[in-house]
Amino acid sequence: MIHLSMDRTIPAVLESTADSWGPRPAMVVRRGGEWQTITWEEYIRRVRLAARGMISLGLEPGRGVIIIGYNRPEWFIANLAAICAGGIPAGIYTTSTPHQCAYIATHADAMIAVVENDEQLAKLREEPESFPSFNAIVLMDGTSDEEDVITFEELIARSASVPPEELDRRIAEQDPDDLATLIYTSGTTGPPKAVMLSHNNVVWTAALAAEVLALGPDDRFLSYLPLSHIAEQIVSHHIPLACGATTWFAEGLEKLGDNLRDAQPTVFLGVPRVWEKIQAKMQEAGRAASAVKRAIATWAKRIGLEGGYAEQQGRAKPVFWGLANKLVFRKVRERLGLDQARYCLTSAAPISLDTLEYFLSLGIPILEIYGMSECCGPATVSLPDNYATGAAGVAAPGTEIAIAEDGEVLMRGPHVFLGYYKDEKATKETLDDEGWLHSGDIGTLDEHGFLRITDRKKDILITAGGKNIAPQNIEGRLKSIPVVSQAVVIGDRRPYLSALIALDPALLPRIAESIGSPARTAGEAAECEIFLKYLRAQIDEVDRKLARSETIKRFAIIPEEFSVDGGELTPTMKVKRRVVHEKYAEQIARMYS
């Protein structure tokens with residue numbers, strides 16, 4: 001059992017865990033075609049050497065260290081080394097532009113940059129006048145002839161010039177209430193804000209999660225989501241630090257399926273878009289199966305869905321649930337690499353009921369967690385014996401959740417952040433005098449304490465007729481249409497609702513063929529009367545379950561899916577509505593002409 005501590009720093013947690021589990025695996029990474037293990041004793045050794053290397057480079061306490069790179073041991077080591085040396089790490093998304101990197105580096109008062117490779121290094125060179133004057137840039141991978149660039153191993157070697165006692169002194173001077181790290185928000189409505197998290201915020205939250213989930217050194221995580229985001233940083237970096245678990249590093253999203261089967265994680269976090277992509281691939285494979293296999297799968301999924309809801313309501317599962325599990329569910333989990341997963345989680349963005357029920361029908365309940373960077377990640381907890389499909393869980397132990405008069409979700413507890421770095425105005429708008437964190441989300445609490453998020457406060461649409469509409473609920477229903485990949489509802493200050501529809505390029509050709517449409521691309525579908533009539537009929541089915549004011553009167557098919565590269569999505573797959581409105585202004589205008 002892990003005892004929650006209010007008086008430990010992150011370096012103290014690292015030292016305690018390394019002492020307890022020294023020879024056991026801390027990280028597993030694929031190098032040279034083979035999975036290689038890094039033990040806890042090697043982990044802390046390299047962290048301490050890297051920290052001394054940063055001190056040798058002139059890192060001053062309280063100054064920033066930016067980190068740009070995909071998930072790998074060097075990211076973890078650099079992050080903890082910066083903290084041990086008294087610096088303040090700030091992760092930057094690998095998809096960030098040079099301008100965005102420059103903004104964060106300057107805002108974070110960065111003295112050192114740690115970047116993955118030449119591609120990320122080039123971003124720091126594109127607008128040199130916009131960046132602070134780094135003492136050094138450290139390459140995680142590769143080498144460089146540039147004078148101010150050193151390799152990661154050179155950083156380690158520089159430790160020789162700084163005695164271990166200097167590092168010990170810096171660690172000893174740290175207090176649990178001190179600022180430990182900066183998490184930059186995705187910036188859906190403007191420049192990102194820097195969330196200040198204390199040692200205690202991080203340590204308390206990670207220890208709470210490890211305790212509630214009963215995690216220990218035998219557990220495994222697969223790290224693949226952006227580490228600059230709080231969800232992945234807590235889940236794959238700090239929770240293992242709290243309980244001695246092992247983190248495997250994925251080789252990239254394109255190899256996620258193979259890596260899941262290799263790592264066999266006991267805890268797996270997927271943002272909604274990841275679960276939706278897995279669902280689409282499974283459905284496509286299912287349609288290619290024989291008639292007999294499809295019939296068995298359909299029967300099993302009916303049993304699975306009934307059993308999933310029965311489990312939530314404390315009722316007995318259907319009589320044939322065990323047989324369905326043996327014939328279908330167990331095989332599905334094995335193929336996905338989730339046969340050892342005790343917890344399949346989702347967070348960071350809204351997930352559709354269709355996707356939740358799809359996996360529930362296959363005996364894989366996806367447990368929703370609600371949270372945000374400002375509360376160090378999780379604010380709610382969903383467990384296999386206490387969850388509700390479509391709800392985001394109950395308040396985490398030791399924390400409070402309340403609903404304000406206007407429906408806004410409020411949170412209070414040891415996980416709530418210190419404020420926004422260099423932004424007192426935004427801090428006062430978000431943290432009130434009683435310690436309540438104002439989330440900006442609209443939600444409800446039911447009689448069992450389950451939180452349901454209905455929308456973002458800023459996203460609420462008010463039609464020309466004065467109706468308040470929550471678009472995310474409607475968008476989730478639209479995404480249940482098989483061929484629809486993404487949807488954005490339009491209608492603020494307008495006479496009716498419309499929708500921009502992105503089609504799934506993998507499913508579109510087959511569905512189009514099945515309805516007699518010659519369309520094979522989104523552009524062709526947008527011009528095909530047969531396909532448009534089919535999609536209108538599907539949207540009409542969605543409309544029948546909605547209030548009259550919520551129905552979609554018109555729609556437009558956009559040429560391609562929303563993406564990070566396209567600018568419509570944040571790195572955590574949240575829709576940038578302002579960008580969508582600007583980019584597709586012409587299509588929107590036609591829907592109201």
# chains A, B, ... in the order shown; residues from 1 in each chain; ligands from 1
call {"tool": "residues_around", "arguments": {"residues": "stretch 57-68 of chain A", "least_positions_apart": "3", "cutoff": "7 Å", "atoms": "only C-alpha atoms", "output": "ChimeraX atom specification"}}
result
/A:53-54,82,85-94,105,108-116,120,135-136
call {"tool": "write_last_selection", "arguments": {"atoms": "C-alpha atoms", "output": "PDB file, in the first residue's frame"}}
result
ATOM      1  CA  GLY A  53      25.891  17.899 -16.532  1.00  0.00           C
ATOM      2  CA  MET A  54      23.176  20.562 -16.634  1.00  0.00           C
ATOM      3  CA  ALA A  82      16.315  19.303 -14.789  1.00  0.00           C
ATOM      4  CA  ALA A  85      19.277  20.386 -10.660  1.00  0.00           C
ATOM      5  CA  GLY A  86      16.665  22.895  -9.539  1.00  0.00           C
ATOM      6  CA  GLY A  87      15.588  23.809 -13.055  1.00  0.00           C
ATOM      7  CA  ILE A  88      12.033  23.901 -14.379  1.00  0.00           C
ATOM      8  CA  PRO A  89      11.394  21.521 -17.299  1.00  0.00           C
ATOM      9  CA  ALA A  90       8.858  22.408 -19.978  1.00  0.00           C
ATOM     10  CA  GLY A  91       7.925  19.888 -22.641  1.00  0.00           C
ATOM     11  CA  ILE A  92       7.135  21.041 -26.179  1.00  0.00           C
ATOM     12  CA  TYR A  93       5.074  19.037 -28.666  1.00  0.00           C
ATOM     13  CA  THR A  94       7.088  17.540 -31.520  1.00  0.00           C
ATOM     14  CA  ALA A 105      11.459  28.733 -24.721  1.00  0.00           C
ATOM     15  CA  ALA A 108       9.922  29.538 -19.704  1.00  0.00           C
ATOM     16  CA  ASP A 109      13.224  31.459 -19.328  1.00  0.00           C
ATOM     17  CA  ALA A 110      15.007  28.457 -20.799  1.00  0.00           C
ATOM     18  CA  MET A 111      18.779  28.166 -20.431  1.00  0.00           C
ATOM     19  CA  ILE A 112      19.075  24.668 -21.927  1.00  0.00           C
ATOM     20  CA  ALA A 113      17.222  22.910 -24.746  1.00  0.00           C
ATOM     21  CA  VAL A 114      17.086  19.133 -25.050  1.00  0.00           C
ATOM     22  CA  VAL A 115      15.928  18.027 -28.505  1.00  0.00           C
ATOM     23  CA  GLU A 116      15.471  14.622 -30.070  1.00  0.00           C
ATOM     24  CA  GLN A 120      13.774  19.332 -33.897  1.00  0.00           C
ATOM     25  CA  ASN A 135      23.775  27.900 -22.731  1.00  0.00           C
ATOM     26  CA  ALA A 136      23.650  24.671 -24.705  1.00  0.00           C
TER      27      ALA A 136
END
call {"tool": "residues_around", "arguments": {"residues": "A:Thr389", "least_positions_apart": "5", "cutoff": "10 Å", "atoms": "only C-alpha atoms", "output": "list in words"}}
result
Gly308, Tyr309, Gln312, Leu353, Leu356, Glu357, Leu360, Pro365, Ile366, Leu367, Glu368 and Ser382 of chain A
call {"tool": "write_last_selection", "arguments": {"atoms": "N, CA and C atoms", "output": "compact mmCIF listing (two decimals), in the first residue's frame"}}
result
# COMPACT_ATOMS: atom_id res chain seq x y z
N GLY A 308 -21.90 -5.91 -19.84
CA GLY A 308 -21.19 -4.73 -19.38
C GLY A 308 -22.09 -3.83 -18.55
N TYR A 309 -23.29 -3.61 -19.03
CA TYR A 309 -24.23 -2.77 -18.27
C TYR A 309 -24.71 -3.47 -17.00
N GLN A 312 -22.14 -2.93 -14.33
CA GLN A 312 -22.20 -1.59 -13.76
C GLN A 312 -23.35 -1.43 -12.77
N LEU A 353 -20.39 7.82 -27.22
CA LEU A 353 -21.02 6.66 -26.60
C LEU A 353 -20.91 5.45 -27.52
N LEU A 356 -17.56 3.83 -26.85
CA LEU A 356 -17.58 3.20 -25.53
C LEU A 356 -18.36 1.89 -25.55
N GLU A 357 -19.52 1.92 -26.20
CA GLU A 357 -20.36 0.72 -26.22
C GLU A 357 -19.79 -0.34 -27.15
N LEU A 360 -17.25 -2.01 -24.97
CA LEU A 360 -17.96 -2.69 -23.88
C LEU A 360 -18.58 -3.99 -24.38
N PRO A 365 -14.28 -2.84 -21.10
CA PRO A 365 -14.82 -1.56 -20.63
C PRO A 365 -13.73 -0.49 -20.63
N ILE A 366 -14.01 0.62 -21.29
CA ILE A 366 -13.08 1.75 -21.30
C ILE A 366 -13.48 2.68 -20.17
N LEU A 367 -12.58 2.89 -19.24
CA LEU A 367 -12.86 3.69 -18.05
C LEU A 367 -12.48 5.14 -18.32
N GLU A 368 -13.47 6.02 -18.23
CA GLU A 368 -13.22 7.44 -18.49
C GLU A 368 -12.65 8.13 -17.26
N SER A 382 -12.44 6.19 -12.36
CA SER A 382 -13.36 5.12 -12.77
C SER A 382 -12.62 3.80 -12.56
call {"tool": "closest_residue", "arguments": {"among": "A:Pro272, A:Pro73, A:Pro25, A:Pro132", "to": "A:Thr572", "atoms": "only C-alpha atoms"}}
result
A:Pro272
call {"tool": "closest_residue", "arguments": {"among": "A:Asp7, A:Glu74, A:Asp459, A:Asp219", "to": "A:Ile156", "atoms": "only C-alpha atoms"}}
result
A:Glu74
call {"tool": "closest_residue", "arguments": {"among": "A:Ala194, A:Cys243, A:Val13, A:Leu121", "to": "A:Val149", "atoms": "only C-alpha atoms"}}
result
A:Leu121
call {"tool": "select_by_dssp", "arguments": {"residues": "stretch 485-562 of chain A", "states": "alpha helix (DSSP H)", "output": "list in words"}}
result
Leu508, Pro509, Arg510, Ile511, Ala512, Glu513, Ser514, Ala522, Gly523, Glu524, Ala525, Ala526, Glu527, Glu529, Ile530, Phe531, Leu532, Lys533, Tyr534, Leu535, Arg536, Ala537, Gln538, Ile539, Asp540, Glu541, Val542 and Asp543 of chain A
call {"tool": "closest_residue", "arguments": {"among": "A:Ala50, A:Val488, A:Val416, A:Leu323", "to": "A:Arg158", "atoms": "only C-alpha atoms"}}
result
A:Ala50
